[in-house]
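What follows is the content of protein-v9.txt (compact mmCIF, C-alpha atoms).
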# COMPACT_ATOMS: atom_id res chain seq x y z
CA MET A 14 -19.50 8.02 7.47
CA ALA A 15 -19.98 5.89 10.60
CA THR A 16 -18.75 2.76 8.86
CA ASP A 17 -15.44 4.38 7.90
CA LEU A 18 -15.10 5.77 11.41
CA GLU A 19 -15.88 2.34 12.89
CA ASP A 20 -13.13 0.82 10.78
CA LEU A 21 -10.66 3.51 11.81
CA ALA A 22 -11.68 3.19 15.49
CA ALA A 23 -11.13 -0.57 15.45
CA LEU A 24 -7.77 -0.21 13.73
CA ASP A 25 -6.67 2.58 16.07
CA ALA A 26 -7.69 0.58 19.15
CA ALA A 27 -5.70 -2.36 17.83
CA GLY A 28 -2.67 -0.11 17.32
CA ALA A 29 -2.73 -0.49 13.53
CA LEU A 30 -2.81 3.22 12.54
CA ASP A 31 0.30 5.32 12.05
CA GLU A 32 0.46 8.90 13.37
CA GLY A 33 -0.94 10.46 10.20
CA GLU A 34 -3.83 8.01 10.07
CA GLN A 35 -4.53 8.67 13.76
CA ARG A 36 -4.72 12.42 13.08
CA GLN A 37 -7.09 11.79 10.15
CA TYR A 38 -9.27 9.56 12.34
CA ARG A 39 -9.47 12.18 15.10
CA GLU A 40 -10.32 14.95 12.64
CA ARG A 41 -13.13 12.88 11.13
CA LEU A 42 -14.39 11.97 14.58
CA LYS A 43 -14.81 15.68 15.38
CA THR A 44 -17.42 16.04 12.63
CA ALA A 45 -19.43 12.96 13.68
CA SER A 46 -22.78 13.33 15.44
CA ALA A 47 -23.06 12.68 19.18
CA ALA A 48 -24.80 9.36 18.48
CA GLU A 49 -22.03 8.31 16.08
CA ARG A 50 -19.32 9.30 18.58
CA SER A 51 -21.05 7.28 21.30
CA ALA A 52 -21.26 4.18 19.08
CA ILE A 53 -17.62 4.67 18.02
CA ALA A 54 -16.52 4.95 21.67
CA GLN A 55 -18.20 1.64 22.50
CA LEU A 56 -16.65 -0.03 19.47
CA TYR A 57 -13.23 1.45 20.35
CA ASP A 58 -13.40 0.04 23.88
CA LEU A 59 -14.40 -3.37 22.55
CA ALA A 60 -11.65 -3.33 19.92
CA ALA A 61 -9.04 -2.34 22.52
CA ALA A 62 -10.17 -5.17 24.78
CA VAL A 63 -10.09 -7.70 21.92
CA ALA A 64 -6.67 -6.46 20.79
CA SER A 65 -5.31 -6.93 24.30
CA GLU A 66 -7.25 -10.20 24.76
CA GLN A 67 -8.84 -8.90 27.96
CA ALA A 68 -12.50 -8.72 26.91
CA THR A 69 -14.53 -9.21 30.09
CA VAL A 70 -17.87 -7.75 28.99
CA ALA A 71 -20.01 -9.60 26.48
CA PRO A 72 -20.44 -7.40 23.40
CA PRO A 73 -23.81 -6.94 21.71
CA ALA A 74 -24.77 -9.88 19.50
CA GLY A 75 -22.71 -10.01 16.32
CA SER A 76 -20.46 -7.04 17.11
CA LEU A 77 -17.37 -9.11 17.87
CA GLU A 78 -17.68 -10.98 14.58
CA ARG A 79 -18.26 -7.70 12.74
CA LEU A 80 -15.18 -6.15 14.35
CA LEU A 81 -12.97 -9.12 13.55
CA GLN A 82 -14.19 -9.15 9.93
CA ARG A 83 -13.31 -5.47 9.57
CA ILE A 84 -9.87 -5.93 11.05
CA GLU A 85 -9.23 -8.96 8.84
CA ALA A 86 -10.54 -7.13 5.77
CA SER A 87 -8.02 -4.35 6.34
CA GLN A 88 -5.16 -6.88 6.45
CA VAL A 89 -6.10 -9.04 3.46
CA TYR A 90 -7.21 -7.59 0.15
CA SER A 91 -6.98 -8.01 -3.59
CA VAL A 92 -6.58 -5.50 -6.38
CA LEU A 93 -8.30 -6.73 -9.51
CA ALA A 94 -6.85 -5.93 -12.93
CA HIS A 95 -9.55 -3.31 -13.65
CA GLU A 96 -9.18 -1.65 -10.24
CA GLY A 97 -6.76 1.02 -9.09
CA ASP A 98 -5.56 4.20 -10.72
CA TRP A 99 -2.74 4.52 -13.20
CA ARG A 100 -0.81 7.72 -12.58
CA PRO A 101 2.19 9.33 -14.25
CA GLY A 102 5.37 7.47 -13.34
CA PRO A 103 8.66 8.88 -12.10
CA VAL A 104 9.89 9.63 -15.64
CA ALA A 105 8.26 10.50 -18.98
CA GLY A 106 6.86 7.47 -20.75
CA THR A 107 6.00 5.58 -17.56
CA ARG A 108 2.77 5.07 -15.61
CA VAL A 109 2.38 3.35 -12.24
CA LYS A 110 -0.43 1.68 -10.32
CA ILE A 111 0.14 1.29 -6.57
CA LEU A 112 -0.88 -2.20 -5.48
CA SER A 113 0.36 -2.00 -1.90
CA LEU A 114 1.92 0.70 0.26
CA ASP A 115 3.39 -0.07 3.69
CA ARG A 116 4.65 3.20 5.13
CA THR A 117 5.80 1.54 8.35
CA ARG A 118 8.31 -0.61 6.45
CA ASP A 119 8.73 1.96 3.61
CA VAL A 120 7.82 -0.65 0.99
CA ALA A 121 5.59 -0.30 -2.06
CA THR A 122 4.46 -2.85 -4.62
CA LEU A 123 3.76 -1.24 -7.99
CA LEU A 124 2.92 -2.10 -11.54
CA MET A 125 4.76 0.10 -14.01
CA ARG A 126 3.92 0.46 -17.68
CA VAL A 127 6.84 1.59 -19.81
CA GLU A 128 6.14 2.99 -23.27
CA PRO A 129 8.34 2.04 -26.22
CA GLY A 130 11.43 4.24 -26.27
CA ALA A 131 11.14 5.32 -22.63
CA ARG A 132 14.39 5.81 -20.70
CA TYR A 133 14.97 5.87 -16.95
CA PRO A 134 18.12 7.81 -16.07
CA ALA A 135 21.01 6.38 -14.07
CA HIS A 136 20.20 6.39 -10.37
CA ARG A 137 21.22 5.10 -6.94
CA HIS A 138 19.01 2.81 -4.87
CA THR A 139 18.60 3.81 -1.24
CA SER A 140 16.39 0.72 -0.72
CA ALA A 141 16.40 -2.68 -2.38
CA GLU A 142 14.33 -3.02 -5.55
CA ASP A 143 12.82 -6.19 -7.02
CA CYS A 144 11.71 -6.05 -10.66
CA TYR A 145 9.74 -8.82 -12.39
CA ILE A 146 9.02 -8.40 -16.10
CA VAL A 147 5.33 -9.15 -16.71
CA SER A 148 5.34 -8.40 -20.43
CA GLY A 149 7.52 -6.74 -23.04
CA GLU A 150 11.22 -6.08 -22.69
CA ILE A 151 13.44 -3.92 -20.48
CA ILE A 152 17.16 -3.30 -20.92
CA ILE A 153 18.83 -3.21 -17.50
CA GLN A 154 22.61 -2.96 -17.08
CA GLY A 155 22.95 -3.78 -20.82
CA GLN A 156 20.98 -7.01 -20.42
CA ARG A 157 17.65 -7.57 -22.22
CA LEU A 158 15.05 -8.91 -19.82
CA HIS A 159 11.77 -10.37 -21.10
CA ALA A 160 8.47 -11.56 -19.63
CA GLY A 161 9.20 -13.94 -16.76
CA ASP A 162 12.68 -12.53 -16.04
CA PHE A 163 13.62 -11.01 -12.66
CA HIS A 164 16.13 -8.36 -11.61
CA ARG A 165 17.18 -7.21 -8.12
CA ALA A 166 19.12 -4.11 -7.12
CA GLU A 167 20.38 -4.04 -3.53
CA ALA A 168 20.17 -0.95 -1.35
CA GLY A 169 23.12 1.32 -2.08
CA SER A 170 23.61 0.00 -5.61
CA ASP A 171 23.96 2.17 -8.70
CA HIS A 172 22.00 1.58 -11.89
CA ALA A 173 23.02 2.66 -15.33
CA GLU A 174 20.24 4.01 -17.55
CA LEU A 175 17.30 1.63 -18.08
CA SER A 176 15.34 1.61 -21.32
CA SER A 177 12.70 -0.19 -23.30
CA GLU A 178 12.61 -0.27 -27.08
CA LYS A 179 9.34 -2.21 -27.32
CA GLY A 180 7.59 -1.20 -24.08
CA ALA A 181 6.94 -3.31 -21.03
CA GLU A 182 4.92 -3.86 -17.90
CA VAL A 183 6.91 -4.64 -14.75
CA LEU A 184 6.04 -5.53 -11.17
CA LEU A 185 8.20 -3.62 -8.71
CA VAL A 186 8.74 -4.03 -4.97
CA VAL A 187 10.57 -0.86 -3.95
CA GLY A 188 11.34 1.56 -1.18
CA ALA A 189 8.27 3.81 -1.11
CA SER A 190 10.39 6.87 -0.34
CA ASP A 191 12.56 6.14 -3.42
CA TYR A 192 9.40 6.71 -5.49
CA HIS A 193 8.18 9.63 -3.33
CA LEU A 194 5.03 7.75 -2.30
Now that the file is in, can you turn its structure into structure tokens?
Amino acid sequence: MATDLEDLAALDAAGALDEGEQRQYRERLKTASAAERSAIAQLYDLAAAVASEQATVAPPAGSLERLLQRIEASQVYSVLAHEGDWRPGPVAGTRVKILSLDRTRDVATLLMRVEPGARYPAHRHTSAEDCYIVSGEIIIQGQRLHAGDFHRAEAGSDHAELSSEKGAEVLLVVGASDYHL
């Protein structure tokens, strides 16, 4: 538990948590032991000083490196092919795996698997959408797109129905709120 709280404390001190994440951090901190809260408070102060580049007290040996590794680890990550959860997509015959979700910018990067015969009804884009066909075939605006092809829909654009006769896997960069994420 302390490790997760340490990560959240460092990120909060650096200003990297949104309001919801801050509430979650504070709720979890309430259930920590006194010793854990004391250690977290020290780490928080150190992280705030590092974030503002005003560290004047020498931290315990190795703690600065540990803090910087945790902050860096939260900013750079990989999702391996066997990792992540596939969940039902926005329409029948689709499944999605969230690769990245940036609520601050309202942007999500997703993989979507489309079963043969699946249809996505006509819709309006409130945010821009980038679609790269990884495998299979998608019919967009009457055009057949295959593996390696790319399609972009600007914010405010209207799409006719999308479909796939053979099935496909696509990489999408979308407005997170458009997908209710």
- Note on the structure: Shortest contact to Tyr145 of chain A, candidates A:Ile53, A:Ala94, A:Ala26, A:Met125, atoms counted only C-alpha atoms, goes to A:Met125
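Coordinates place atom CA of His159 of chain A at a distance of 15.4 Å from atom CA of Leu124 of chain A.
Of the residues under consideration (A:Gln156, A:Cys144, A:Asp171, A:Phe163), A:Cys144 shows the shortest atom-to-atom contact distance to Val183 of chain A when counting all atoms listed in the file.
Going from atom CA of Ile111 of chain A to atom CA of Leu123 of chain A covers 4.6 Å.
Atom pair atom CA of Glu19 of chain A / atom CA of Leu114 of chain A: separated by 21.9 Å.
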- Residue with smallest distance to Ala121 of chain A - pool A:Ser46, A:Ser140, A:Ser148, A:Thr107, counting only C-alpha atoms: A:Ser140
- Task: Do a neighbour search on segment 187-191 of chain A at 7 Å with all atoms listed in the file, toss out local chain neighbours closer than 4 positions, and write the hits as a ChimeraX atom specification.
- Result: /A:119-122,139-143
Please build the interface table for segment 108-161 of chain A against segment 101-104 of chain A with a cut-off of 9 Å, listing for each qualifying residue the nearest atom pair and the distance in Å to one decimal; count all atoms listed in the file, order rows by chain and increasing number, and write it as a Markdown table.
| residue | atom | partner | partner_atom | distance |
| --- | --- | --- | --- | --- |
| A:Arg108 | CA | A:Gly102 | CA | 4.2 |
| A:Val109 | CA | A:Gly102 | CA | 5.2 |
| A:Lys110 | CA | A:Gly102 | CA | 8.7 |
| A:Met125 | CA | A:Gly102 | CA | 7.4 |
| A:Arg126 | CA | A:Gly102 | CA | 8.4 |
| A:Val127 | CA | A:Gly102 | CA | 8.9 |
| A:Ala131 | CA | A:Val104 | CA | 8.3 |
| A:Arg132 | CA | A:Val104 | CA | 7.8 |
| A:Tyr133 | CA | A:Val104 | CA | 6.5 |
| A:Pro134 | CA | A:Val104 | CA | 8.4 |
- Taking all atoms listed in the file into account, which of A:Gly155, A:Glu128, A:Leu21, A:Arg100 comes nearest Glu40 of chain A? A:Leu21
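Of the listed residues (A:Leu42, A:Leu175, A:Ala135, A:Ala181), A:Ala181 comes nearest to Ala160 of chain A; the distances count all atoms listed in the file.
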Some atoms are missing, so please complete segment 158-187 of chain A with N, CA and C atoms and return it as an mmCIF file, keeping the file's coordinate frame.
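And here is the file that came out, rebuild.cif:
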data_model
loop_
_atom_site.group_PDB
_atom_site.id
_atom_site.type_symbol
_atom_site.label_atom_id
_atom_site.label_comp_id
_atom_site.auth_asym_id
_atom_site.auth_seq_id
_atom_site.Cartn_x
_atom_site.Cartn_y
_atom_site.Cartn_z
ATOM 1 N N LEU A 158 15.907 -8.056 -20.641
ATOM 2 C CA LEU A 158 15.050 -8.910 -19.820
ATOM 3 C C LEU A 158 13.662 -8.949 -20.435
ATOM 4 N N HIS A 159 13.075 -10.154 -20.470
ATOM 5 C CA HIS A 159 11.770 -10.370 -21.100
ATOM 6 C C HIS A 159 10.774 -10.893 -20.067
ATOM 7 N N ALA A 160 9.531 -11.048 -20.502
ATOM 8 C CA ALA A 160 8.470 -11.560 -19.630
ATOM 9 C C ALA A 160 8.955 -12.815 -18.909
ATOM 10 N N GLY A 161 8.786 -12.805 -17.585
ATOM 11 C CA GLY A 161 9.200 -13.940 -16.760
ATOM 12 C C GLY A 161 10.576 -13.761 -16.138
ATOM 13 N N ASP A 162 11.350 -12.778 -16.601
ATOM 14 C CA ASP A 162 12.680 -12.530 -16.040
ATOM 15 C C ASP A 162 12.573 -11.646 -14.793
ATOM 16 N N PHE A 163 13.599 -11.728 -13.939
ATOM 17 C CA PHE A 163 13.620 -11.010 -12.660
ATOM 18 C C PHE A 163 14.956 -10.300 -12.505
ATOM 19 N N HIS A 164 14.915 -9.129 -11.882
ATOM 20 C CA HIS A 164 16.130 -8.360 -11.610
ATOM 21 C C HIS A 164 16.036 -7.796 -10.193
ATOM 22 N N ARG A 165 17.145 -7.799 -9.459
ATOM 23 C CA ARG A 165 17.180 -7.210 -8.120
ATOM 24 C C ARG A 165 18.346 -6.237 -8.049
ATOM 25 N N ALA A 166 18.073 -5.104 -7.406
ATOM 26 C CA ALA A 166 19.120 -4.110 -7.120
ATOM 27 C C ALA A 166 19.135 -3.931 -5.610
ATOM 28 N N GLU A 167 20.250 -4.170 -4.988
ATOM 29 C CA GLU A 167 20.380 -4.040 -3.530
ATOM 30 C C GLU A 167 20.414 -2.569 -3.122
ATOM 31 N N ALA A 168 20.070 -2.306 -1.889
ATOM 32 C CA ALA A 168 20.170 -0.950 -1.350
ATOM 33 C C ALA A 168 21.612 -0.477 -1.484
ATOM 34 N N GLY A 169 21.784 0.758 -1.909
ATOM 35 C CA GLY A 169 23.120 1.320 -2.080
ATOM 36 C C GLY A 169 23.734 1.052 -3.433
ATOM 37 N N SER A 170 23.050 0.298 -4.292
ATOM 38 C CA SER A 170 23.610 0.000 -5.610
ATOM 39 C C SER A 170 23.302 1.121 -6.601
ATOM 40 N N ASP A 171 24.141 1.183 -7.642
ATOM 41 C CA ASP A 171 23.960 2.170 -8.700
ATOM 42 C C ASP A 171 23.480 1.467 -9.951
ATOM 43 N N HIS A 172 22.528 2.099 -10.628
ATOM 44 C CA HIS A 172 22.000 1.580 -11.890
ATOM 45 C C HIS A 172 22.423 2.484 -13.019
ATOM 46 N N ALA A 173 22.829 1.883 -14.106
ATOM 47 C CA ALA A 173 23.020 2.660 -15.330
ATOM 48 C C ALA A 173 21.610 2.956 -15.871
ATOM 49 N N GLU A 174 21.532 3.692 -16.949
ATOM 50 C CA GLU A 174 20.240 4.010 -17.550
ATOM 51 C C GLU A 174 19.487 2.719 -17.900
ATOM 52 N N LEU A 175 18.174 2.728 -17.678
ATOM 53 C CA LEU A 175 17.300 1.630 -18.080
ATOM 54 C C LEU A 175 16.486 2.113 -19.264
ATOM 55 N N SER A 176 16.129 1.197 -20.158
ATOM 56 C CA SER A 176 15.340 1.610 -21.320
ATOM 57 C C SER A 176 14.462 0.463 -21.796
ATOM 58 N N SER A 177 13.543 0.813 -22.676
ATOM 59 C CA SER A 177 12.700 -0.190 -23.300
ATOM 60 C C SER A 177 12.433 0.235 -24.740
ATOM 61 N N GLU A 178 12.851 -0.581 -25.669
ATOM 62 C CA GLU A 178 12.610 -0.270 -27.080
ATOM 63 C C GLU A 178 11.189 -0.623 -27.486
ATOM 64 N N LYS A 179 10.655 -1.690 -26.910
ATOM 65 C CA LYS A 179 9.340 -2.210 -27.320
ATOM 66 C C LYS A 179 8.228 -1.911 -26.321
ATOM 67 N N GLY A 180 8.580 -1.401 -25.137
ATOM 68 C CA GLY A 180 7.590 -1.200 -24.080
ATOM 69 C C GLY A 180 7.532 -2.410 -23.176
ATOM 70 N N ALA A 181 6.983 -2.217 -21.993
ATOM 71 C CA ALA A 181 6.940 -3.310 -21.030
ATOM 72 C C ALA A 181 5.959 -2.995 -19.906
ATOM 73 N N GLU A 182 5.614 -4.020 -19.175
ATOM 74 C CA GLU A 182 4.920 -3.860 -17.900
ATOM 75 C C GLU A 182 5.728 -4.655 -16.886
ATOM 76 N N VAL A 183 6.071 -4.001 -15.769
ATOM 77 C CA VAL A 183 6.910 -4.640 -14.750
ATOM 78 C C VAL A 183 6.243 -4.529 -13.390
ATOM 79 N N LEU A 184 6.476 -5.527 -12.566
ATOM 80 C CA LEU A 184 6.040 -5.530 -11.170
ATOM 81 C C LEU A 184 7.244 -5.154 -10.341
ATOM 82 N N LEU A 185 7.097 -4.117 -9.522
ATOM 83 C CA LEU A 185 8.200 -3.620 -8.710
ATOM 84 C C LEU A 185 7.857 -3.700 -7.229
ATOM 85 N N VAL A 186 8.815 -4.134 -6.433
ATOM 86 C CA VAL A 186 8.740 -4.030 -4.970
ATOM 87 C C VAL A 186 9.902 -3.124 -4.604
ATOM 88 N N VAL A 187 9.584 -1.927 -4.089
ATOM 89 C CA VAL A 187 10.570 -0.860 -3.950
ATOM 90 C C VAL A 187 10.449 -0.152 -2.612
#
